[in-house]
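This report refers to the structure that appears directly beneath it.
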Amino acid sequence: MTTSVARPGPFIFYRWLILLIGALFCLFPLWATVIGGFKGTGDLRTNAFGLPREWLADNYVSIVTSARFWQMLGNSAFITGFTVLLTLLVSSMAAFVLAHLRFAGKKWMANYLALGLTFPFATAVLPVFIRVRDMGLLDTYWGVILPQVAFNLGFAIVLLHGFFSQLPKELFEAAFVDGCNYPRIFWQITLPLSRPILATVGVLALVGSWNSFLLPLVMINSESLYPWPLGMMQYQGQYGTDWGKVLAYVSLTMTPAIVFYLAAQKQIIAGLTAGAVKG
Amino acid sequence: MSSPEHPLLPDKESRPPAGLFKAGQPVEAEVLVHQLGSAAGSRVSVWHRLKNFSHAGRLTTLVLFLPPALLLFTLFVALPVLEAAYYSFFNWNGYGAPTKSAGLENFVRVWSDPVFHNSLLNNLWVILVSALIQIPLALSLALLISDRSRSSLVFRAIFFLPYILGEVVAGLIWRYLYDGNYGLVATVYHWFGLEAPEVLATVGWAETALLLVVVWKYFGFHMALFIAGRQGVSEDVLESAKIDGASRWQTTRHIVLPLMRPVVVLSLFFSILGSLQLFDLIIPLTGGGPSNSTNSAVSYLYNFGIRRMRVGFGSAVGVSLFVICVFVMLFYKRLFMQERATR
């Protein structure tokens with residue numbers, strides 16, 4: 001409503017006031033965290049808001065130069081990368097079959113795969129742990145990746161199925177006339193045309209996997225395999241209320257997410273909300 | 001607008017008609033178009049049908065494309081739920097085979113545990129705070145920034161920021177802010193020359209503190225939903241209201257808000273869903289303490305089932321949670337989301 005905003009007056013004033021208070025509420029904790037990483041203990045105790053009286057870079061430097069920090073981000077990147085890749089591949093193949101082929105029990109199968117939407121992962125986490133252990137995947141990346149992909153399938157297939165079945169049929173007709181078979185249609189027509197929905201599913205899987213905590217907590221024991229949420233908890237456990245160190249660690253760890261968010265903000269907001277509106 | 005519209009929402013009407021491939025019966029023309037030339041409706045042999053079915057790599061596609069999803073889903077989602085139901089009747093530490101049958105003992109212990117009651121109560125509090133504070137806040141902010149001006153885009157990005165941060169990050173940040181010796185609370189108290197309380201170590205305060213973090217972390221998500229919903233309200237309606245002399249408040253109160261009711265319903269639905277999954281935030285913030293006062297259902301499951309490897313007991317909690325989820329969602333959908341179903 002550009003027309004209503006144009007008129008200056010008390011509304012404009014209150015709008016800005018409310019928005020600025022809201023922005024302060026959102027950003028203050030982040031500001032206090034980043035700036036806190038530069039502070040010494042005395043400063044943190046009495047001066048949580050302001051700039052450090054003395055800028056101390058040690059906390060940041062010691063983390064950035066530690067191999068463990070990078071290893072942890074690497075572990076997260078590996079787990080997240082394969083989770084996203086496999087989620088996209090497996091769910092789009094299944095959604096393609098469900099959208100374009102007819103076979104007995106198809107509807108039943110679609111409903112079956114959408115079942116995962118009805119309950120939180122945590123309800124089944126103990127049996128998943130036992131299964132992963134019995135498969136010998138405990139304390140490996142795959143012990144986290146495979147269950148994550150499996151739990152992503154529900155929303156991914158629902159979203160992709162909806163999109164795939166709305167693609168114009170004429171394209172497929174033309175492709176068949178040209179002698180194209182199903183696998184080629186999938187790779188060369190369906191997938192390239194479905195980039196927006198693939199991006200949505202990808203963003204959902206990416207953010208979910210990057211931030212996931214419970215699953216790695218249950219599946220991974222070795223420090224060398226810790227993704228960042230586990231590494232961060234461990235670091236905090238180690239340094240306790242040496243907040244300068246912990247805050248520097250938190251700041252550095254959240255940086256990739258924030259950079260990514262600022263770079264692709266529109267797609268991320270759209271993806272996360274659209275993806276959520278799945279049922 | 002009868003439902004929150006989003007370009008990416010799958011359209012339920014556009015599902016292809018369900019046709020079954022029944023044995024021993026004539027098969028109507030299959031979906032895709034290469035079938036145009038085949039004699040639809042005529043009786044064909046099984047061999048013919050199979051050949052027809054494998055045309056253009058159909059059979060191969062079916063055999064290669066579907067099983068990975070089915071296998072993964074069955075192994076890691078469907079079977080575990082059934083297994084949880086099975087294990088919940090045993091006392092089992094996860095090693096060997098479950099042999100010590102416990103009957104309903106695990107369920108009795110879960111449901112008679114005051115800590116579990118308190119955890120469910122906390123889940124309820126999260127839903128209440130979401131309904132009474134978070135959603136109104138998100139809705140008001142969304143209405144202020146649903147236009148496409150530059151300032152709106154900037155504020156939108158800021159408000160959504162906490163949502164993309166990991167729960168562990170959010171939990172630790174707020175743990176610092178609440179710390180009695182450092183951080184926000186301490187600084188404010190020190191201004192007045194007072195000794196700050198340990199917010200997170202005080203029963204009562206810790207729960208309130210947790211609720212504030214929940215609002216901080218998730219209101220941006222609800223705001224984004226409302227913005228999408230607000231942009232779905234037709235400008236024509238608003239234009240004609242303006243011509244009729246309606247004030248900004250009247251337009252909002254009598255036109256925009258009623259039209260956005262489905263989005264509010266949806267938003268609350270996500271709050272309930274989120275509350276039932278709440279875990280990652282609690283562990284770094286309070287770990288469920290003090291005196292187990294800040295557990296959610298899932299953190300209860302973690303603290304009393306998983307951490308102690310009490311598979312039977314944990315499964316009983318899981319099954320209880322599963323039943324609550326399914327029940328609450330069906331109930332909620334039936335009660336509030338009818339208009340979506342009948343669209």
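Just so we're on the same page: first chain in the structure tokens is A, next is B, and so on; residues restart at 1 for each chain, and ligands are numbered from 1 in the order they show up.
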Taking only residues of chain A that have an atom at most 6 Å from an atom of chain B, what is each one's shortest atom pair and its distance in Å to one decimal, using only C-alpha atoms, in chain and number order, as a tab-separated table?
residue	atom	partner	partner_atom	distance
A:Met1	CA	B:Asp147	CA	5.7
A:Leu44	CA	B:Tyr182	CA	5.5
A:Arg45	CA	B:Tyr182	CA	4.3
A:Thr46	CA	B:Thr187	CA	5.3
A:Ala48	CA	B:Gly183	CA	5.1
A:Val90	CA	B:Ala69	CA	5.6
A:Met93	CA	B:Phe65	CA	5.0
A:Ala94	CA	B:Leu66	CA	4.7
A:Phe103	CA	B:Phe21	CA	5.2
A:Ala104	CA	B:Leu20	CA	4.7
A:Phe119	CA	B:Phe322	CA	6.0
A:Pro120	CA	B:Gln277	CA	5.9
A:Thr123	CA	B:Gly318	CA	3.9
A:Ala124	CA	B:Val81	CA	5.3
A:Pro127	CA	B:Pro80	CA	5.0
A:Val128	CA	B:Pro80	CA	5.7
A:Pro147	CA	B:Phe76	CA	5.5
A:Ala150	CA	B:Phe73	CA	4.9
A:Gly162	CA	B:Pro10	CA	4.1
A:Phe163	CA	B:Pro10	CA	5.9
A:Glu173	CA	B:Val33	CA	5.3
A:Asn181	CA	B:Ala56	CA	4.4
A:Tyr182	CA	B:Gly57	CA	5.6
A:Asn211	CA	B:Gly166	CA	4.7
Saved selection, atoms kept: C-alpha atoms, as an mmCIF file, in the first residue's frame:
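File written: part.cif
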data_model
loop_
_atom_site.group_PDB
_atom_site.id
_atom_site.type_symbol
_atom_site.label_atom_id
_atom_site.label_comp_id
_atom_site.auth_asym_id
_atom_site.auth_seq_id
_atom_site.Cartn_x
_atom_site.Cartn_y
_atom_site.Cartn_z
ATOM 1 C CA MET A 1 0.000 0.000 0.000
ATOM 2 C CA LEU A 44 31.987 -8.134 29.999
ATOM 3 C CA ARG A 45 30.923 -7.741 33.573
ATOM 4 C CA THR A 46 30.141 -4.051 33.505
ATOM 5 C CA ALA A 48 27.761 -5.531 27.913
ATOM 6 C CA VAL A 90 16.039 -39.186 -3.975
ATOM 7 C CA MET A 93 13.154 -39.155 -8.488
ATOM 8 C CA ALA A 94 10.324 -40.435 -6.324
ATOM 9 C CA PHE A 103 0.815 -47.828 -11.344
ATOM 10 C CA ALA A 104 -1.073 -49.810 -8.775
ATOM 11 C CA PHE A 119 5.295 -36.271 13.818
ATOM 12 C CA PRO A 120 8.585 -34.873 15.058
ATOM 13 C CA THR A 123 9.618 -39.538 18.728
ATOM 14 C CA ALA A 124 11.505 -42.233 16.846
ATOM 15 C CA PRO A 127 14.903 -46.896 17.374
ATOM 16 C CA VAL A 128 16.752 -44.904 14.703
ATOM 17 C CA PRO A 147 18.251 -40.460 8.738
ATOM 18 C CA ALA A 150 14.835 -39.970 5.223
ATOM 19 C CA GLY A 162 2.887 -30.699 -6.471
ATOM 20 C CA PHE A 163 5.210 -28.784 -8.744
ATOM 21 C CA GLU A 173 4.327 -34.858 -25.601
ATOM 22 C CA ASN A 181 12.526 -41.725 -22.704
ATOM 23 C CA TYR A 182 11.523 -41.156 -19.079
ATOM 24 C CA ASN A 211 21.621 -26.385 12.348
#
*asked:* Using only C-alpha atoms, can you tell me which of B:Ala196, B:Phe116, B:Ala131, B:Glu207 comes closest to Leu285 of chain B?
replied: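 Answer, going by the shortest atom-to-atom distance: B:Glu207.
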*Would you list the contacts of Val61 of chain A as a list in words, taking every protein, DNA or RNA residue within 12 Å and counting only C-alpha atoms, but skipping same-chain residues closer than 2 positions in sequence?*
Gly37, Phe38, Leu56, Ala57, Asp58, Asn59, Ile63, Val64, Thr65, Ser66, Ala67, Phe69, Lys245, Ala248, Tyr249 and Leu252 of chain A
List every residue of segment 24-109 of chain A that has an atom at most 8 Å from any atom of segment 226-233 of chain A, giving for each one its closest atom pair and the distance in Å to one decimal, counting only C-alpha atoms, sorted by chain and then by ascending residue number, as JSON lines.
{"residue": "A:Phe69", "atom": "CA", "partner": "A:Gly231", "partner_atom": "CA", "distance": 7.9}
{"residue": "A:Met72", "atom": "CA", "partner": "A:Pro227", "partner_atom": "CA", "distance": 5.1}
{"residue": "A:Leu73", "atom": "CA", "partner": "A:Trp228", "partner_atom": "CA", "distance": 5.8}
{"residue": "A:Gly74", "atom": "CA", "partner": "A:Pro227", "partner_atom": "CA", "distance": 7.8}
{"residue": "A:Asn75", "atom": "CA", "partner": "A:Pro227", "partner_atom": "CA", "distance": 5.2}
{"residue": "A:Ser76", "atom": "CA", "partner": "A:Pro227", "partner_atom": "CA", "distance": 4.5}
{"residue": "A:Ile79", "atom": "CA", "partner": "A:Pro227", "partner_atom": "CA", "distance": 8.0}
*Compile the contact shell of Ser119 of chain B as a ChimeraX atom specification: residues with an atom at most 10 Å away, counting only C-alpha atoms, same-chain residues fewer than 3 positions apart removed.*
/B:113-116,122-125,288,292-301
*Computed interatomic separation between atom CA of Gly204 of chain B and atom CA of Phe107 of chain B (Å)*: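 Value for the atom CA of Gly204 of chain B-atom CA of Phe107 of chain B distance: 27.8 Å.
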*Counting only C-alpha atoms, which of B:Leu200, B:Leu210, B:Ile135, B:Leu143 gets nearest to Ser291 of chain B?*
B:Leu200
*Quick one: distance from atom CA of Thr255 of chain A to atom CA of Leu30 of chain A in Å, one decimal?*
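A separation of 10.9 Å between them.
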*Counting only C-alpha atoms, what is within 10 Å of Ser194 of chain A, bar same-chain residues fewer than 6 positions away, as a PyMOL selection string?*
chain A and resi 92+160+163-164+167
Can I get the selection written as a PDB file, in the first residue's frame, with N, CA and C atoms?
ATOM      1  N   SER A  92      13.325 -36.087  -5.671  1.00  0.00           N
ATOM      2  CA  SER A  92      12.833 -35.679  -6.992  1.00  0.00           C
ATOM      3  C   SER A  92      12.594 -36.905  -7.878  1.00  0.00           C
ATOM      4  N   LEU A 160       7.695 -31.277  -4.261  1.00  0.00           N
ATOM      5  CA  LEU A 160       8.123 -31.562  -5.640  1.00  0.00           C
ATOM      6  C   LEU A 160       6.992 -32.188  -6.457  1.00  0.00           C
ATOM      7  N   PHE A 163       4.652 -29.603  -7.667  1.00  0.00           N
ATOM      8  CA  PHE A 163       5.210 -28.784  -8.744  1.00  0.00           C
ATOM      9  C   PHE A 163       5.308 -29.582 -10.044  1.00  0.00           C
ATOM     10  N   PHE A 164       5.804 -30.805  -9.947  1.00  0.00           N
ATOM     11  CA  PHE A 164       5.998 -31.633 -11.141  1.00  0.00           C
ATOM     12  C   PHE A 164       4.680 -31.857 -11.874  1.00  0.00           C
ATOM     13  N   LEU A 167       3.631 -29.086 -14.324  1.00  0.00           N
ATOM     14  CA  LEU A 167       4.409 -28.731 -15.526  1.00  0.00           C
ATOM     15  C   LEU A 167       3.570 -29.014 -16.761  1.00  0.00           C
TER      16      LEU A 167
END
*Enumerate as a VMD selection string all residues of segment 90-183 of chain B assigned to alpha helix (DSSP H) by DSSP on the backbone, naming them with the chain letters and numbers the document uses.*
chain B and resid 105 to 111 114 to 129 135 to 144 150 to 164 167 to 178 183
*So which residues touch Trp142 of chain A within 12 Å, counting only C-alpha atoms, skipping near sequence neighbours fewer than 2 positions away, as a PyMOL selection string?*
chain A and resi 75+78-83+86+132-133+135-140+144-150+215-216+219-220+225
For the residues in that selection, give me N, CA and C atoms as a short mmCIF file (atom, residue, chain, number, x, y, z; two decimals), in the first residue's frame.
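Contents of the output file selection_27.cif:
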data_model
loop_
_atom_site.label_atom_id
_atom_site.label_comp_id
_atom_site.auth_asym_id
_atom_site.auth_seq_id
_atom_site.Cartn_x
_atom_site.Cartn_y
_atom_site.Cartn_z
N ASN A 75 33.18 -30.76 8.87
CA ASN A 75 32.25 -31.86 9.14
C ASN A 75 30.82 -31.45 8.85
N PHE A 78 30.26 -31.22 5.12
CA PHE A 78 30.13 -32.53 4.51
C PHE A 78 28.74 -33.11 4.74
N ILE A 79 28.33 -33.11 6.01
CA ILE A 79 27.03 -33.68 6.35
C ILE A 79 25.91 -32.92 5.64
N THR A 80 25.99 -31.59 5.69
CA THR A 80 24.95 -30.79 5.06
C THR A 80 24.95 -30.97 3.55
N GLY A 81 26.14 -30.96 2.95
CA GLY A 81 26.23 -31.09 1.49
C GLY A 81 25.58 -32.38 1.02
N PHE A 82 25.94 -33.49 1.64
CA PHE A 82 25.38 -34.75 1.19
C PHE A 82 23.90 -34.88 1.55
N THR A 83 23.51 -34.30 2.66
CA THR A 83 22.08 -34.35 3.01
C THR A 83 21.26 -33.63 1.95
N LEU A 86 21.46 -35.59 -1.51
CA LEU A 86 20.68 -36.83 -1.52
C LEU A 86 19.18 -36.55 -1.37
N VAL A 132 20.80 -47.52 13.30
CA VAL A 132 22.08 -47.00 12.81
C VAL A 132 23.24 -47.77 13.44
N ARG A 133 23.12 -48.07 14.73
CA ARG A 133 24.16 -48.82 15.41
C ARG A 133 24.29 -50.22 14.80
N MET A 135 23.57 -51.16 11.92
CA MET A 135 24.10 -51.10 10.56
C MET A 135 25.59 -50.75 10.58
N GLY A 136 26.13 -50.51 11.75
CA GLY A 136 27.54 -50.16 11.86
C GLY A 136 27.84 -48.74 11.43
N LEU A 137 26.82 -47.89 11.42
CA LEU A 137 27.03 -46.51 10.97
C LEU A 137 27.16 -45.53 12.12
N LEU A 138 27.14 -46.05 13.34
CA LEU A 138 27.27 -45.15 14.47
C LEU A 138 28.63 -44.48 14.41
N ASP A 139 28.65 -43.21 14.79
CA ASP A 139 29.89 -42.46 14.78
C ASP A 139 30.49 -42.33 13.37
N THR A 140 29.62 -42.21 12.37
CA THR A 140 30.07 -41.87 11.02
C THR A 140 29.18 -40.74 10.50
N VAL A 144 24.35 -39.83 10.35
CA VAL A 144 23.56 -38.61 10.47
C VAL A 144 22.86 -38.31 9.15
N ILE A 145 23.60 -38.49 8.05
CA ILE A 145 23.07 -38.09 6.75
C ILE A 145 21.84 -38.90 6.37
N LEU A 146 21.94 -40.22 6.46
CA LEU A 146 20.83 -41.05 5.97
C LEU A 146 19.52 -40.79 6.72
N PRO A 147 19.51 -40.79 8.06
CA PRO A 147 18.25 -40.46 8.74
C PRO A 147 17.75 -39.05 8.40
N GLN A 148 18.68 -38.12 8.24
CA GLN A 148 18.25 -36.76 7.89
C GLN A 148 17.55 -36.75 6.54
N VAL A 149 18.15 -37.42 5.57
CA VAL A 149 17.53 -37.48 4.25
C VAL A 149 16.16 -38.13 4.36
N ALA A 150 16.10 -39.24 5.10
CA ALA A 150 14.83 -39.97 5.22
C ALA A 150 13.75 -39.07 5.81
N LEU A 215 20.20 -35.10 16.26
CA LEU A 215 20.65 -36.30 15.55
C LEU A 215 22.16 -36.53 15.69
N PRO A 216 22.99 -35.53 15.38
CA PRO A 216 24.43 -35.74 15.60
C PRO A 216 24.76 -36.00 17.07
N MET A 219 24.14 -39.64 17.44
CA MET A 219 24.86 -40.56 16.56
C MET A 219 26.38 -40.45 16.63
N ILE A 220 26.90 -39.28 16.98
CA ILE A 220 28.35 -39.07 16.83
C ILE A 220 29.04 -38.96 18.18
N LEU A 225 34.63 -35.85 14.44
CA LEU A 225 33.51 -35.87 13.50
C LEU A 225 32.43 -34.87 13.88
#
